[in-house]
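**Student:** This is work30.cif (mmCIF, C-alpha atoms).
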data_input
#
loop_
_atom_site.label_atom_id
_atom_site.label_comp_id
_atom_site.auth_asym_id
_atom_site.auth_seq_id
_atom_site.Cartn_x
_atom_site.Cartn_y
_atom_site.Cartn_z
CA LYS A 1 0.00 0.00 0.00
CA ALA A 2 1.45 3.36 -0.99
CA GLY A 3 2.27 5.81 1.78
CA VAL A 4 1.39 9.45 2.09
CA THR A 5 2.65 11.42 -0.86
CA GLN A 6 3.36 15.12 -1.00
CA THR A 7 4.07 17.31 -3.97
CA PRO A 8 6.17 19.11 -4.75
CA ARG A 9 9.06 17.94 -2.59
CA TYR A 10 10.95 21.20 -2.91
CA LEU A 11 9.79 24.69 -3.67
CA ILE A 12 11.45 28.09 -3.85
CA LYS A 13 9.32 31.22 -3.74
CA THR A 14 9.87 34.90 -3.11
CA ARG A 15 8.29 37.08 -0.48
CA GLY A 16 4.77 38.14 -1.28
CA GLN A 17 4.01 35.19 -3.52
CA GLN A 18 1.55 32.46 -2.67
CA VAL A 19 2.06 28.74 -2.73
CA THR A 20 -0.08 25.61 -2.81
CA LEU A 21 1.12 22.28 -1.46
CA SER A 22 -0.57 18.98 -2.11
CA CYS A 23 -1.00 15.85 -0.02
CA SER A 24 -2.43 12.47 -1.01
CA PRO A 25 -3.22 10.30 2.00
CA ILE A 26 -2.83 6.57 2.26
CA SER A 27 -5.61 4.85 0.35
CA GLY A 28 -8.65 4.58 2.58
CA HIS A 29 -7.50 7.23 5.01
CA ARG A 30 -9.92 10.09 5.38
CA SER A 31 -8.29 12.38 7.90
CA VAL A 32 -5.44 14.64 6.84
CA SER A 33 -3.41 16.90 9.11
CA TRP A 34 -0.72 19.42 8.29
CA TYR A 35 2.31 20.40 10.34
CA GLN A 36 5.01 23.00 9.94
CA GLN A 37 8.54 22.15 11.00
CA THR A 38 11.13 24.87 11.52
CA PRO A 39 14.42 24.87 13.44
CA GLY A 40 13.18 27.57 15.77
CA GLN A 41 9.62 26.49 16.50
CA GLY A 42 9.87 22.76 15.90
CA LEU A 43 6.84 20.81 14.75
CA GLN A 44 3.62 22.76 14.96
CA PHE A 45 0.09 21.71 14.08
CA LEU A 46 -1.52 23.72 11.30
CA PHE A 47 -4.93 22.11 10.72
CA GLU A 48 -6.83 18.89 10.23
CA TYR A 49 -9.40 17.98 7.60
CA PHE A 50 -11.92 15.19 7.62
CA SER A 51 -14.74 14.67 5.16
CA GLU A 52 -13.83 17.91 3.39
CA THR A 53 -14.30 19.89 6.62
CA GLN A 54 -11.69 21.56 8.77
CA ARG A 55 -11.98 19.96 12.18
CA ASN A 56 -9.23 21.73 13.99
CA LYS A 57 -6.83 24.58 13.51
CA GLY A 58 -3.56 25.52 15.09
CA ASN A 59 -2.33 28.96 16.00
CA PHE A 60 -1.35 30.28 12.59
CA PRO A 61 -2.39 33.46 10.79
CA GLY A 62 -5.16 33.46 8.21
CA ARG A 63 -2.58 33.43 5.43
CA PHE A 64 -2.45 29.70 6.01
CA SER A 65 -5.45 27.86 4.66
CA GLY A 66 -6.33 24.46 3.40
CA ARG A 67 -8.99 22.29 1.92
CA GLN A 68 -9.82 18.68 1.35
CA PHE A 69 -11.39 17.10 -1.67
CA SER A 70 -13.93 14.30 -1.89
CA ASN A 71 -11.15 11.79 -2.57
CA SER A 72 -9.49 12.87 0.72
CA ARG A 73 -6.59 14.58 -1.04
CA SER A 74 -5.72 17.83 0.66
CA GLU A 75 -4.05 21.07 -0.28
CA MET A 76 -2.70 23.82 1.86
CA ASN A 77 -2.16 27.35 0.67
CA VAL A 78 0.02 30.08 2.05
CA SER A 79 -0.60 33.56 0.73
CA THR A 80 1.67 36.60 0.91
CA LEU A 81 4.70 34.53 1.79
CA GLU A 82 7.11 35.77 4.44
CA LEU A 83 10.71 34.73 5.04
CA GLY A 84 9.59 33.01 8.23
CA ASP A 85 7.35 30.67 6.27
CA SER A 86 10.43 28.79 5.10
CA ALA A 87 9.94 25.34 6.58
CA LEU A 88 9.31 21.69 6.00
CA TYR A 89 5.57 21.16 5.66
CA LEU A 90 4.48 17.69 6.65
CA CYS A 91 1.20 16.06 5.91
CA ALA A 92 -0.16 13.14 7.92
CA SER A 93 -3.10 10.86 7.36
CA SER A 94 -5.14 8.56 9.56
CA LEU A 95 -8.05 6.26 8.88
CA HIS A 96 -10.72 8.52 10.30
CA ALA A 97 -11.26 11.38 12.69
CA GLY A 98 -11.29 9.08 15.70
CA ASP A 99 -8.03 7.39 14.86
CA ASN A 100 -4.84 9.18 15.87
CA GLU A 101 -2.34 6.73 14.50
CA GLN A 102 -0.99 9.19 11.99
CA PHE A 103 1.30 8.35 9.11
CA PHE A 104 3.43 11.13 7.72
CA GLY A 105 4.55 11.95 4.23
CA PRO A 106 8.07 13.02 3.25
CA GLY A 107 7.20 16.69 3.41
CA THR A 108 7.55 19.69 1.13
CA ARG A 109 10.59 21.85 1.75
CA LEU A 110 9.55 25.47 1.13
CA THR A 111 12.20 28.16 0.86
CA VAL A 112 11.10 31.77 0.76
CA LEU A 113 13.67 34.23 -0.56
CA ALA B 1 -1.94 23.47 28.23
CA GLN B 2 -0.15 20.55 26.68
CA LYS B 3 3.61 20.48 26.61
CA VAL B 4 6.26 17.92 25.75
CA THR B 5 9.86 18.33 26.78
CA GLN B 6 12.79 16.45 25.36
CA ALA B 7 15.70 17.88 27.28
CA GLN B 8 18.37 15.96 25.37
CA THR B 9 19.09 17.92 22.24
CA GLU B 10 21.70 15.55 20.88
CA ILE B 11 23.17 12.24 22.00
CA SER B 12 26.15 10.42 20.54
CA VAL B 13 26.84 6.77 21.23
CA VAL B 14 29.00 4.07 19.79
CA GLU B 15 27.34 1.18 18.02
CA LYS B 16 26.05 -1.57 20.35
CA GLU B 17 25.65 0.80 23.27
CA ASP B 18 22.22 1.14 24.86
CA VAL B 19 20.69 4.59 24.81
CA THR B 20 17.64 6.11 26.48
CA LEU B 21 15.79 9.11 25.11
CA ASP B 22 13.83 11.06 27.68
CA CYS B 23 10.37 12.54 27.26
CA VAL B 24 8.48 14.47 29.91
CA TYR B 25 4.98 15.77 29.28
CA GLU B 26 2.50 18.13 30.85
CA THR B 27 -1.26 17.90 30.55
CA ARG B 28 -4.27 18.55 32.73
CA ASP B 29 -6.22 15.82 30.97
CA THR B 30 -6.66 12.46 32.59
CA THR B 31 -6.95 10.76 29.24
CA TYR B 32 -4.37 11.34 26.55
CA TYR B 33 -2.11 9.63 24.07
CA LEU B 34 1.65 9.57 23.79
CA PHE B 35 3.71 8.80 20.72
CA TRP B 36 7.25 8.36 19.51
CA TYR B 37 8.30 9.11 15.94
CA LYS B 38 11.63 8.73 14.18
CA GLN B 39 12.73 11.27 11.58
CA PRO B 40 15.62 10.09 9.39
CA PRO B 41 17.46 12.60 7.18
CA SER B 42 14.89 12.03 4.43
CA GLY B 43 12.43 14.02 6.55
CA GLU B 44 9.51 11.63 6.85
CA LEU B 45 8.27 10.99 10.37
CA VAL B 46 8.11 7.26 11.01
CA PHE B 47 5.58 6.06 13.57
CA LEU B 48 7.10 3.96 16.35
CA ILE B 49 4.53 3.64 19.10
CA ARG B 50 1.26 4.97 20.48
CA ARG B 51 0.31 4.60 24.13
CA ASN B 52 -2.87 5.74 25.87
CA SER B 53 -2.81 7.07 29.39
CA PHE B 54 -4.65 4.08 30.82
CA ASP B 55 -2.02 1.64 29.72
CA GLU B 56 1.10 1.95 31.81
CA GLN B 57 2.55 -1.35 30.76
CA ASN B 58 6.01 -1.10 29.36
CA GLU B 59 6.40 -2.25 25.80
CA ILE B 60 9.19 -3.97 23.97
CA SER B 61 9.55 -4.29 20.24
CA GLY B 62 12.77 -5.89 19.18
CA ARG B 63 15.59 -3.59 20.27
CA TYR B 64 13.13 -0.85 21.20
CA SER B 65 11.43 -0.49 24.55
CA TRP B 66 9.30 2.18 26.14
CA ASN B 67 8.84 3.04 29.81
CA PHE B 68 5.65 4.95 30.60
CA GLN B 69 5.37 6.35 34.14
CA LYS B 70 2.36 8.52 34.90
CA SER B 71 3.71 9.34 38.35
CA THR B 72 6.60 11.23 36.80
CA SER B 73 4.82 12.19 33.55
CA SER B 74 7.51 10.49 31.54
CA PHE B 75 7.51 8.29 28.48
CA ASN B 76 11.10 7.25 27.85
CA PHE B 77 12.42 5.33 24.89
CA THR B 78 15.35 2.93 25.04
CA ILE B 79 17.25 1.47 22.14
CA THR B 80 19.25 -1.61 23.07
CA ALA B 81 22.42 -2.45 21.17
CA SER B 82 22.17 0.63 19.00
CA GLN B 83 23.03 0.47 15.32
CA VAL B 84 24.17 3.08 12.82
CA VAL B 85 20.75 2.87 11.15
CA ASP B 86 19.21 4.19 14.37
CA SER B 87 20.79 7.57 13.72
CA ALA B 88 17.92 10.01 13.34
CA VAL B 89 15.95 12.63 15.20
CA TYR B 90 13.39 11.16 17.58
CA PHE B 91 10.25 13.01 18.57
CA CYS B 92 7.91 12.43 21.44
CA ALA B 93 4.35 13.73 21.03
CA LEU B 94 1.14 14.10 23.00
CA SER B 95 -2.49 14.34 21.92
CA GLU B 96 -5.67 14.82 23.88
CA ALA B 97 -8.35 12.16 24.00
CA TYR B 98 -11.03 14.67 23.05
CA ILE B 99 -12.12 13.49 19.61
CA TYR B 100 -11.67 16.83 17.87
CA ASN B 101 -8.11 17.00 19.14
CA PHE B 102 -7.13 13.41 18.45
CA ASN B 103 -4.90 14.37 15.57
CA LYS B 104 -3.62 17.63 17.01
CA PHE B 105 -0.21 16.54 18.20
CA TYR B 106 2.05 18.48 20.52
CA PHE B 107 5.61 17.54 19.69
CA GLY B 108 8.73 17.82 21.74
CA SER B 109 11.74 19.53 20.24
CA GLY B 110 13.33 16.22 19.32
CA THR B 111 16.51 14.41 20.24
CA LYS B 112 19.12 13.87 17.58
CA LEU B 113 20.76 10.49 18.02
CA ASN B 114 24.14 9.86 16.43
CA VAL B 115 25.29 6.26 16.44
CA LYS B 116 28.91 5.92 15.44
CA PRO B 117 30.40 2.70 14.09
#
With the file now loaded, output its structure as structure tokens.
**Tutor:**
Amino acid sequence: KAGVTQTPRYLIKTRGQQVTLSCSPISGHRSVSWYQQTPGQGLQFLFEYFSETQRNKGNFPGRFSGRQFSNSRSEMNVSTLELGDSALYLCASSLHAGDNEQFFGPGTRLTVL
Amino acid sequence: AQKVTQAQTEISVVEKEDVTLDCVYETRDTTYYLFWYKQPPSGELVFLIRRNSFDEQNEISGRYSWNFQKSTSSFNFTITASQVVDSAVYFCALSEAYIYNFNKFYFGSGTKLNVKP
């Protein structure tokens, strides 16, 4: 069974631009969560989606948004990029909202110049 | 508030040595979950174990073992006879048992383990 896939793996953007990252969960998994990993702040929860609805949100500004499609694939968007948004963005999936055995993808490394 | 502390930033051992990674957590909840993940240089977090707060039994899986002690709010991870392939960053995490927060993990800052041949 294929794992969680994230595209693209690497991305370079400039300040002020926007970016969209994609995550395909493990087949059959319906819950998708996103995390930001930086050297300074570590791993921080961004949001979780289940059945195309955002169930939970971390403490991030409104520039960070996401959505989930009917096939459980998820995208996150960051608008008006700032230098501090440079990070590894990790996506995780679990079977359903009540299952917290999360499996992570390889991440998207975003660099903002 | 939930908090996970991994005080050991980096540990270096020689192959075949045993090593223990410490994890201390804070929560006001009586029901919660604890996790350990491994992050190799490739970046992907690899699931190692999940433990709920009602199960204080220690667990062993091959060379890996975990010691959960509610009395000291600790969930320590021991690798026996370490190998070079164990070199990675290890994260401890906590989640609440409230269903809407199941997948909202609070991670520690990680411990980088270097196993030298």
**Student:** Mind telling me what the PyMOL selection byres ((chain A) within 9 of (chain B)) catches here, as a PyMOL selection string?
**Tutor:** chain A and resi 31-33+41-48+55-58+88+90+94+97-107
**Student:** Create the file for the chosen residues now, containing C-alpha atoms and written as a PDB file, in the coordinates of the input.
**Tutor:**
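Once written, part_26.pdb looks like this:
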ATOM      1  CA  SER A  31      -8.290  12.380   7.900  1.00  0.00           C
ATOM      2  CA  VAL A  32      -5.440  14.640   6.840  1.00  0.00           C
ATOM      3  CA  SER A  33      -3.410  16.900   9.110  1.00  0.00           C
ATOM      4  CA  GLN A  41       9.620  26.490  16.500  1.00  0.00           C
ATOM      5  CA  GLY A  42       9.870  22.760  15.900  1.00  0.00           C
ATOM      6  CA  LEU A  43       6.840  20.810  14.750  1.00  0.00           C
ATOM      7  CA  GLN A  44       3.620  22.760  14.960  1.00  0.00           C
ATOM      8  CA  PHE A  45       0.090  21.710  14.080  1.00  0.00           C
ATOM      9  CA  LEU A  46      -1.520  23.720  11.300  1.00  0.00           C
ATOM     10  CA  PHE A  47      -4.930  22.110  10.720  1.00  0.00           C
ATOM     11  CA  GLU A  48      -6.830  18.890  10.230  1.00  0.00           C
ATOM     12  CA  ARG A  55     -11.980  19.960  12.180  1.00  0.00           C
ATOM     13  CA  ASN A  56      -9.230  21.730  13.990  1.00  0.00           C
ATOM     14  CA  LYS A  57      -6.830  24.580  13.510  1.00  0.00           C
ATOM     15  CA  GLY A  58      -3.560  25.520  15.090  1.00  0.00           C
ATOM     16  CA  LEU A  88       9.310  21.690   6.000  1.00  0.00           C
ATOM     17  CA  LEU A  90       4.480  17.690   6.650  1.00  0.00           C
ATOM     18  CA  SER A  94      -5.140   8.560   9.560  1.00  0.00           C
ATOM     19  CA  ALA A  97     -11.260  11.380  12.690  1.00  0.00           C
ATOM     20  CA  GLY A  98     -11.290   9.080  15.700  1.00  0.00           C
ATOM     21  CA  ASP A  99      -8.030   7.390  14.860  1.00  0.00           C
ATOM     22  CA  ASN A 100      -4.840   9.180  15.870  1.00  0.00           C
ATOM     23  CA  GLU A 101      -2.340   6.730  14.500  1.00  0.00           C
ATOM     24  CA  GLN A 102      -0.990   9.190  11.990  1.00  0.00           C
ATOM     25  CA  PHE A 103       1.300   8.350   9.110  1.00  0.00           C
ATOM     26  CA  PHE A 104       3.430  11.130   7.720  1.00  0.00           C
ATOM     27  CA  GLY A 105       4.550  11.950   4.230  1.00  0.00           C
ATOM     28  CA  PRO A 106       8.070  13.020   3.250  1.00  0.00           C
ATOM     29  CA  GLY A 107       7.200  16.690   3.410  1.00  0.00           C
TER      30      GLY A 107
END
**Student:** With the file shown as input, list the residues that the PyMOL selection byres ((chain B and resi 111-116) around 8) selects, as JSON, numbers by chain.
**Tutor:** {"B": [6, 7, 8, 9, 10, 11, 12, 13, 14, 15, 21, 82, 83, 84, 85, 86, 87, 88, 89, 90, 91, 109, 110, 117]}
**Student:** Mind pulling up the distance from atom CA of A:Ile26 to atom CA of A:Asn59?
**Tutor:**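 Taking atom CA of A:Asn59 and atom CA of A:Ile26, their separation equals 26.3 Å.
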**Student:** Grab the atom CA of A:His96 to atom CA of A:Arg67 distance for me, in Å with one decimal place.
**Tutor:**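 So the answer is 16.2 Å.
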**Student:** Where does the PyMOL selection byres ((chain B and resi 18) around 7) land in this file, that is, which residues does it pick, as a PyMOL selection string?
**Tutor:** chain B and resi 16-17+19-20+79-82
**Student:** For a test of reading the model, state the distance in Å between atom CA of A:Ser74 and atom CA of B:Trp36, rounded to one decimal.
**Tutor:** 24.8 Å
**Student:** Could you pull the residues within 7 Å of A:Leu95, counting all atoms listed in the file, minus those fewer than 5 positions along the same chain, as a PDB file with C-alpha atoms, keeping the file's coordinate frame?
**Tutor:**
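The result, stored in part_35.pdb:
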ATOM      1  CA  GLY A  28      -8.650   4.580   2.580  1.00  0.00           C
ATOM      2  CA  HIS A  29      -7.500   7.230   5.010  1.00  0.00           C
ATOM      3  CA  ARG A  30      -9.920  10.090   5.380  1.00  0.00           C
ATOM      4  CA  SER A  31      -8.290  12.380   7.900  1.00  0.00           C
TER       5      SER A  31
END
**Student:** Excluding stretch 1-15 of chain A and residues on its chain fewer than 2 positions from it, collect all residues at most 8 Å away from it, counting all atoms listed in the file, and give them as JSON, numbers by chain.
**Tutor:** {"A": [17, 18, 19, 21, 22, 23, 24, 25, 26, 27, 80, 81, 82, 83, 91, 92, 93, 103, 104, 105, 106, 107, 108, 109, 110, 111, 112, 113]}
